[in-house]
Structures are given as C-alpha cells and as structure tokens.
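S.K.: What follows is a structure written as structure tokens; I'll ask about it next.
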There are 2 protein chains.
Amino acid sequence: MQDDDIANIMRALGHPVRLNILRFLASQQQRECCCGDVTESLPLAQSTVSQHIKVLLDAGLIERKPHGTRNRYMIRHDRLAEIGTAFGGLLTGLNFQAPHKEAEPA
Amino acid sequence: MQDDDIANIMRALGHPVRLNILRFLASQQQRECCCGDVTESLPLAQSTVSQHIKVLLDAGLIERKPHGTRNRYMIRHDRLAEIGTAFGGLLTGLNFQAPHKEAEPA
DNA sequence: CATGTTCATCGCATTTCACCTATTAATTCG
DNA sequence: CGAATTAATAGGTGAAATGCGATGAACATG
C-alpha cells in the first residue's frame, strides 16, 4: 500500500463523526442499516451524513448494497484487515531505526 | 483515548508529506536532525515544512529539543506505542479480529 | 398513474488546509 | 555590538472540507 493510500485512509478516519458512523455500523451489523438509521444516531442533517458515508465509501472502508428504496451499508472487514497490516507496518517502520537505543519502558 | 484524539492523530497522519517527515526522522534518529535537514529532503519551502512539523508536534507524534540555534526533532516512540494500541482497539471494536501481531516497541 | 419514502447530489456559505514569500525571534560568533 | 544562521510565525491565496436546505432519481405501493 502506497503512502497516498494510507494518507487517504487516515484522512477518512480523521473525523469524529466518521468514527461514530463506523462504530454504529459495527454495532448494527446484522440488522438493516441504512443512511436514515445512521442519521438518527447523529445530530446532523441527512445530507451531511450521506457525505460522510461517501468519504468512507471512497476510502473503501464500507460498502453499499441497494435494498429496495434503501441502501444497506456495511463495514468492509477485508479492507480493515489490510489497513491494520499497513498501519502496523508503518509503526514498525518508524520504530525500527533505533537498534541500540530502545524506548525505555517506565 | 477519546475519539477526538484519535481523529486528530489520524488527521495528522493523513498527509503524505507528514508521513515522509516521520520516516525521515526515523531514518536519522541518531544524528542531528533539524528543520533544515527535513526541508532538504523535500521539494517544499522551509515554512511549509515547519508547519507540517507543527502539526506533528501538536498531535504529539514528535518532540522538539532546542539545540543552539537549531531545533532537533525526534519521534515520540512512547506515543507511537499508545497510538498503536488505540488503533488496534478501534479495529477490534469494529469487529476486526486481528490475525497479525501488533507493532510495539518491545 | 399518483403518492410516499429514501437518499445521493447539487448549490451555497463558512471554515480549515496547504502552500508560498517575507518577516521576526533567538542564538552564535567575529 | 553587528552579522549570520536557523526556524517559527505572519499574511495572502487558492483548494478542499464541512455543514446546511433543496432537488431529483429510484423504488414501492395504493
């Protein structure tokens, strides 16, 4: 995964509302979960929520499934796994460069 | 760690240039590493780099140590560990069962 | 077909971000 | 002290993000 991809994903995660949306989706996994449900759980207008959902979609963090007149949203666990790996790699890379001097444990 | 903190950190990590700066600092850990060094490694003006550094400082990802007329910068490994834990917690909360191990400094 | 529901998208206003040049503060040194 | 060095900050500009209300497409149903 490229720096640009990681940066994009981090930016998508860099907003409290979007974190809330993800958590909400996670908590409602097995039910119908459409834009309206998410909107109800937040003090924001429907259009605003829809925008945030789009950001998460574009970052590949969630997926959309049309379902009648509604859209059902769900977390993309496959992508989360990738992201976890990439992020772990990033942190490891940032930690790795001090072979003789280690971060001292308290 | 609160959602706002996580979001702040994610936003700080959500820019390729800042990822580059972190990597550069990681690779130069044992040497003097001041703003000028970072600037030389990037196609950006000194003031722009200084601003990015400020974002990383505010997010607690790096620290500053005045050193003569220069400022020496270094990665805050303690914070990276915290962030790794928080991020892991976030992913777990989203129902992601990590099949890989987390990046932590020993 | 007409009506109601859902929600993405389109303006629009405001704020924040990213970049620059120029300046200023702090420090070293002749 | 004056000159040089380093880097933070001030100020300006254009782009992007964030929020809203309004509109319209897609679908279900009477």
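Each chain of the structure tokens is named A, B, ... in the order shown, its residues numbered from 1; ligands are numbered from 1 in display order.
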DSSP on the backbone: what in segment 5-105 of chain B comes out strand (DSSP E or B), as a short mmCIF file (atom, residue, chain, number, x, y, z; two decimals) with N, CA and C atoms, in the first residue's frame?
M.R.:
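Contents of selection_7.cif, as written:
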```
data_model
loop_
_atom_site.label_atom_id
_atom_site.label_comp_id
_atom_site.auth_asym_id
_atom_site.auth_seq_id
_atom_site.Cartn_x
_atom_site.Cartn_y
_atom_site.Cartn_z
N CYS B 34 17.40 18.50 12.23
CA CYS B 34 16.69 19.75 12.43
C CYS B 34 15.79 20.06 11.24
N ILE B 62 5.85 13.84 17.52
CA ILE B 62 7.27 14.12 17.61
C ILE B 62 7.50 15.09 18.76
N GLU B 63 8.76 15.28 19.11
CA GLU B 63 9.08 16.27 20.13
C GLU B 63 10.23 17.14 19.66
N ARG B 64 10.33 18.31 20.26
CA ARG B 64 11.32 19.29 19.87
C ARG B 64 12.31 19.48 21.00
N LYS B 65 13.60 19.59 20.62
CA LYS B 65 14.62 19.90 21.60
C LYS B 65 15.49 21.01 21.07
N PRO B 66 15.41 22.20 21.66
CA PRO B 66 16.26 23.30 21.21
C PRO B 66 17.73 22.91 21.38
N HIS B 67 18.53 23.28 20.41
CA HIS B 67 19.93 22.86 20.41
C HIS B 67 20.72 23.93 19.71
N ARG B 70 19.50 25.76 16.49
CA ARG B 70 18.62 24.83 15.78
C ARG B 70 17.66 24.16 16.74
N ASN B 71 16.71 23.48 16.15
CA ASN B 71 15.82 22.63 16.92
C ASN B 71 16.00 21.20 16.44
N ARG B 72 16.21 20.33 17.37
CA ARG B 72 16.34 18.94 17.00
C ARG B 72 14.98 18.27 17.19
N TYR B 73 14.59 17.47 16.23
CA TYR B 73 13.29 16.80 16.31
C TYR B 73 13.48 15.29 16.38
N MET B 74 12.61 14.67 17.15
CA MET B 74 12.66 13.22 17.21
C MET B 74 11.27 12.62 17.43
N ILE B 75 11.14 11.42 16.95
CA ILE B 75 9.87 10.71 17.06
C ILE B 75 9.60 10.34 18.51
#
```
S.K.: Could you name the residues that touch Arg76 of chain A at 6 Å or less, counting only C-alpha atoms (C1' of nucleotides), but leaving out those on the same chain fewer than 2 positions away, as JSON, numbers by chain?
M.R.: {"A": [61, 62, 78, 79]}
S.K.: Using only C-alpha atoms and a distance of at most 6 Å, pull out the residues of chain B that contact chain A, as a ChimeraX atom specification.
M.R.: /B:3-4,7,10-11,14-16,26-27,94,103
S.K.: Could you write out that same residue set with C-alpha atoms as an mmCIF file, in the first residue's frame?
M.R.:
```cif
data_model
loop_
_atom_site.group_PDB
_atom_site.id
_atom_site.type_symbol
_atom_site.label_atom_id
_atom_site.label_comp_id
_atom_site.auth_asym_id
_atom_site.auth_seq_id
_atom_site.Cartn_x
_atom_site.Cartn_y
_atom_site.Cartn_z
ATOM 1 C CA ASP B 3 -12.455 9.794 19.539
ATOM 2 C CA ASP B 4 -11.338 13.373 19.137
ATOM 3 C CA ALA B 7 -9.297 11.675 14.896
ATOM 4 C CA MET B 10 -5.364 10.249 12.104
ATOM 5 C CA ARG B 11 -5.649 13.648 10.501
ATOM 6 C CA GLY B 14 -3.406 11.849 6.753
ATOM 7 C CA HIS B 15 -0.899 13.659 4.582
ATOM 8 C CA PRO B 16 1.869 12.069 2.503
ATOM 9 C CA ALA B 26 13.022 7.633 11.914
ATOM 10 C CA SER B 27 15.880 7.085 9.492
ATOM 11 C CA LEU B 94 -15.193 -2.605 14.600
ATOM 12 C CA ALA B 103 3.644 -3.376 16.147
#
```
S.K.: In Å, how much C-alpha RMSD is there between chain B and chain A after the fit, with all atoms paired in order?
M.R.: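 The C-alpha RMSD comes out at 6.1 Å.
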S.K.: Taking only C-alpha atoms (C1' of nucleotides) into account, what are the residues of chain D at most 8 Å from chain A, put as a tab-separated table (two decimals) with N, CA and C atoms (P, O5', C5', C4', C3', O3' and C1' of nucleotides), in the first residue's frame?
M.R.:
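Below is the file selection-v7.tsv, written as the result:
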```tsv
chain	number	residue	atom	x	y	z
D	19	DG	P	-19.21	18.30	9.94
D	19	DG	O5'	-20.54	19.01	9.40
D	19	DG	C5'	-21.12	20.02	10.18
D	19	DG	C4'	-21.90	21.00	9.35
D	19	DG	C3'	-23.26	20.53	8.84
D	19	DG	O3'	-24.23	20.64	9.85
D	19	DG	C1'	-22.11	21.90	7.24
D	20	DC	P	-25.64	19.92	9.69
D	20	DC	O5'	-26.42	20.88	8.68
D	20	DC	C5'	-26.70	22.22	9.07
D	20	DC	C4'	-27.25	22.98	7.88
D	20	DC	C3'	-28.52	22.39	7.30
D	20	DC	O3'	-29.64	23.06	7.84
D	20	DC	C1'	-26.95	23.01	5.58
D	26	DA	P	-32.55	6.97	-12.04
D	26	DA	O5'	-33.09	5.99	-10.91
D	26	DA	C5'	-32.24	5.70	-9.80
D	26	DA	C4'	-33.04	4.93	-8.78
D	26	DA	C3'	-33.93	3.84	-9.37
D	26	DA	O3'	-33.68	2.64	-8.66
D	26	DA	C1'	-35.19	5.22	-7.92
D	27	DC	P	-34.24	1.25	-9.27
D	27	DC	O5'	-35.43	0.94	-8.26
D	27	DC	C5'	-35.13	0.86	-6.87
D	27	DC	C4'	-36.38	1.09	-6.07
D	27	DC	C3'	-37.53	0.12	-6.36
D	27	DC	O3'	-37.67	-0.73	-5.23
D	27	DC	C1'	-38.28	2.34	-5.98
D	28	DA	P	-38.50	-2.09	-5.37
D	28	DA	O5'	-39.80	-1.77	-4.51
D	28	DA	C5'	-39.67	-1.45	-3.14
D	28	DA	C4'	-40.94	-0.81	-2.64
D	28	DA	C3'	-42.19	-1.67	-2.83
D	28	DA	O3'	-42.80	-1.85	-1.57
D	28	DA	C1'	-42.53	0.56	-3.64
```
S.K.: Taking only C-alpha atoms (C1' of nucleotides) into account, report as a ChimeraX atom specification which residues of chain C lie within 10 Å of chain A.
M.R.: /C:5-9
S.K.: Do a neighbour search on segment 10-25 of chain C at 8 Å with only C-alpha atoms (C1' of nucleotides), toss out local chain neighbours closer than 2 positions, and write the hits as a list in words.
M.R.: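 Neighbouring residues, sequence-local ones excluded: Ala45 and Thr48 of chain B; DT9, DA10, DA16, DA17, DT18 and DT23 of chain D.
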S.K.: Mind listing the helix (DSSP H, G or I) residues of chain B, per DSSP on the backbone, as number ranges by chain?
M.R.: B: 3-13, 16-27, 35-40, 46-58, 77-93
S.K.: Please measure the separation of atom CA of Glu32 of chain A and atom C1' of DT3 of chain C, giving the value in Å to one decimal.
M.R.: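 A separation of 24.6 Å between them.
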